[in-house]
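Read the structure below first, then the notes.
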Amino acid sequence: MEHGTVILRANLVLPISHDPLPDGEVVVEHGRIVEVRPRSTLAGDEVLEFGDAIVMPGLINGHSHLEYTALRGWNDRVPFFEWIRGLVSLKAKCPAELWLPSAMLGAAELIASGVTFVSDNTDSGASAEALARLGLRGRVYQEVFGVETEPDDATILRELDAKLDALRQTLARYEASDRIGLGVSPHAIYTVRDSLMRALRQYAREQNLPLSIHASESSEEVALARSGSGSFAEMFRERGINYLHPRVPPIEYLYNAGILASDVQLVHATRAEPREIDMMARTKVSVAHCPRSNARLLTGIAPVYAMRRQGIPVVVGTDGAVSAGSLDIWEEVRFAALAQRAASYAAQPSWRDWIGMLTLEAAKAFGVDAHIGSLEAGKRADMVVVRTTRPAFSGVSDPYAALVLLARSEDVALTMVDGHILYRDGKHTELDVDALRHKVEEMTRHALAEHPT
Ligand SMILES: [Zn+2]
């Protein structure tokens with residue numbers, strides 16, 4: 001099918017860049033969209049007729065940690081500080097060989113919910129290979145940690161350089177270098193000391209790599225930055241780590257340090273204050289919004305309404321399954337939309353805005369809107385087909401409302417990247433998910449069952 005013409009037909013085509021097209025079809029050739037047009041009787045080499053369904057651009061998951069999929073269910077601790085300490089101790093017990101199958105299992109779950117582009121922050125680097133092997137598009141940020149005095153900045157930068165080279169080789173091996181871009185993630189202000197944060201900013205600028213930073217996620221993080229108090233500060237004192245708190249909240253600190261720019265993604269920004277939102281708008285950063293993770297870890301509801309009013313691009317991310325519970329992007333966007341309405345008493349963002357934030361707006365935030373994010377001639381054939389046959393869809397005429405309020409992974413009939421069908425009618429086309437799941441569960445049980453946390 002790669003070299004022929006494939007036509008996807010359905011009762012509704014949702015190009016995002018244009019108004020919905022009832023009774024439409026999308027024509028694909030050589031992995032690209034060549035035409036979006038009213039339903040015809042023309043034949044292609046392959047015609048896929050979906051009937052009651054919506055054909056739309058593939059969904060963009062703005063933030064995840066795929067390598068930790070295996071740890072879902074093993075860490076129910078709250079609040080955030082207890083949870084992240086729990087995660088660190090679980091990670092330490094797992095063998096390095098777990099991270100690749102774990103990331104692949106997570107990627108498979110995303111594909112089944114219609115995701116075609118994933119932005120993933122990875123410590124082990126395994127998610128780059130997972131995305132490459134499973135045929136996904138995405139951005140992989142190599143995580144960096146360093147809050148103690150050793151190793152020094154130069155050593156950490158050398159290690160980062162070597163890790164990025166290894167990731168480049170992996171992507172080349174799978175011929176995925178065009179599909180998957182790299183970036184750097186200084187993890188957060190409580191895991192990356194000031195000198196290292198600045199060094200990473202400079203390194204990323206020189207290497208032309210974007211940054212992703214967890215910022216202002218929890219009240220514990222804000223207390224540490226503002227006043228050197230709270231759980232993080234106590235932990236540092238216990239460990240003899242001399243943490244120089246900046247005396248301003250986290251995003252204000254990043255602004256003052258010259259870290260923020262249009263190539264920076266701030267993850268969460270749950271506790272962002274009005275003056276920090278001004279700084280974010282001025283420096284044109286984007287925000288990854290992961291509301292289920294925030295709710296589960298008791299960190300709050302991010303001020304998405306206020307951020308968007310200032311023109312800050314917001315993307316929706318599932319975060320890791322280990323904090324959000326699932327990698328179903330529909331669950332994430334539904335929770336995001338409803339929680340935001342409840343918190344802001346405003347009907348904004350609209351249902352249409354939210355679908356835009358999963359597609360074209362997200363593609364713009366990642367700088368890839370020339371290739372993906374909408375159904376337009378010339379763009380890559382990254383698409384998802386959502387069936388609207390369940391009775392719950394009955395009577396909902398606004399497709400954006402239907403998708404935000406009703407759609408779920410089980411409604412996804414097809415997921416396509418570059419014209420390749422990765423998933424169809426409940427099945428991955430090139431992956432035995434059951435076998436993978438059993439392997440991951442067995443490895444995880446073996447590593448953790450004898451060491452209950
Ligand atoms: Zn994260």
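Letters for chains follow the order of the structure tokens (A, B, ...), residue numbers begin at 1 for each chain, and ligand numbers begin at 1 in the order shown.
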Practice task
Pick out the residues sitting within 12 Å of region 270-279 of chain A, and hand them over as a VMD selection string; count only C-alpha atoms, and ignore anything fewer than 4 positions along from it in its own chain.
Solution key: chain A and resid 214 to 223 248 to 256 258 to 262 266 283 to 295 297 to 313 340
Practice task
From region 78-214 of chain A, collect each residue whose DSSP state is alpha helix (DSSP H) and return the set as a PyMOL selection string.
Solution key: chain A and resi 80-93+99-112+126-134+153-173+194-207
Filtered DSSP result for region 176-290 of chain A, state strand (DSSP E or B), as a PDB file with C-alpha atoms, in the first residue's frame:
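Final output, out_0.pdb:
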```
ATOM      1  CA  ILE A 180      11.703  11.721  15.674  1.00  0.00           C
ATOM      2  CA  GLY A 181      13.503  14.820  16.888  1.00  0.00           C
ATOM      3  CA  LEU A 182      15.657  15.161  19.981  1.00  0.00           C
ATOM      4  CA  GLY A 183      15.770  17.643  22.823  1.00  0.00           C
ATOM      5  CA  VAL A 184      17.173  18.090  26.318  1.00  0.00           C
ATOM      6  CA  SER A 185      15.213  18.002  29.564  1.00  0.00           C
ATOM      7  CA  PRO A 186      16.825  19.564  32.605  1.00  0.00           C
ATOM      8  CA  ALA A 188      13.283  20.327  37.282  1.00  0.00           C
ATOM      9  CA  VAL A 192      19.120  20.382  38.530  1.00  0.00           C
ATOM     10  CA  LEU A 211      14.307  22.146  26.167  1.00  0.00           C
ATOM     11  CA  SER A 212      11.597  20.597  28.328  1.00  0.00           C
ATOM     12  CA  ILE A 213      11.533  21.458  32.047  1.00  0.00           C
ATOM     13  CA  HIS A 214       9.086  20.377  34.759  1.00  0.00           C
ATOM     14  CA  ALA A 215       8.273  23.688  36.409  1.00  0.00           C
ATOM     15  CA  VAL A 264      11.317  25.814  25.908  1.00  0.00           C
ATOM     16  CA  GLN A 265       8.431  23.610  26.976  1.00  0.00           C
ATOM     17  CA  LEU A 266       7.399  24.020  30.603  1.00  0.00           C
ATOM     18  CA  VAL A 267       5.687  20.892  31.880  1.00  0.00           C
ATOM     19  CA  HIS A 268       2.742  21.399  34.269  1.00  0.00           C
ATOM     20  CA  SER A 286       4.853  26.590  25.535  1.00  0.00           C
ATOM     21  CA  VAL A 287       3.180  24.577  28.285  1.00  0.00           C
ATOM     22  CA  ALA A 288       2.408  20.863  28.526  1.00  0.00           C
ATOM     23  CA  HIS A 289      -0.785  20.416  30.529  1.00  0.00           C
TER      24      HIS A 289
END
```
Within 10 Å of region 19-31 of chain A, which residues of region 385-445 of chain A come that close, and what is the closest atom pair and distance in Å for each? Count only C-alpha atoms and give it as a Markdown table.
```
| residue | atom | partner | partner_atom | distance |
| --- | --- | --- | --- | --- |
| A:Asp398 | CA | A:Pro20 | CA | 9.7 |
| A:Pro399 | CA | A:Pro20 | CA | 8.2 |
| A:Tyr400 | CA | A:Pro20 | CA | 9.6 |
| A:Met416 | CA | A:Gly31 | CA | 9.4 |
| A:Val417 | CA | A:Gly31 | CA | 7.8 |
| A:Asp418 | CA | A:Gly31 | CA | 4.4 |
| A:Gly419 | CA | A:Gly31 | CA | 4.0 |
| A:His420 | CA | A:Gly31 | CA | 7.2 |
```
Give as a PDB file with C-alpha atoms, in the first residue's frame the residues surrounding ligand 1 up to a distance of 7 Å, considering only C-alpha atoms and all ligand atoms.
```pdb
ATOM      1  CA  HIS A  63       4.175  15.025  27.443  1.00  0.00           C
ATOM      2  CA  SER A  64       4.829  11.507  28.682  1.00  0.00           C
ATOM      3  CA  HIS A  65       7.338   9.200  30.365  1.00  0.00           C
ATOM      4  CA  ASN A 121      11.013  12.790  28.450  1.00  0.00           C
ATOM      5  CA  HIS A 214       9.086  20.377  34.759  1.00  0.00           C
ATOM      6  CA  VAL A 267       5.687  20.892  31.880  1.00  0.00           C
ATOM      7  CA  ASP A 319       2.216  12.341  31.512  1.00  0.00           C
ATOM      8  CA  GLY A 320       3.340   8.834  32.484  1.00  0.00           C
TER       9      GLY A 320
END
```
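Comparing A:Leu71, A:Leu448, A:Ala365, A:Leu196 by their smallest distance to Thr155 (chain A), the closest is A:Leu196 (using only C-alpha atoms).
Each of A:Leu98, A:Val147, A:Leu12, A:Leu164 was checked against Gly240 (chain A) using only C-alpha atoms; the smallest atom-to-atom distance is that of A:Val147.
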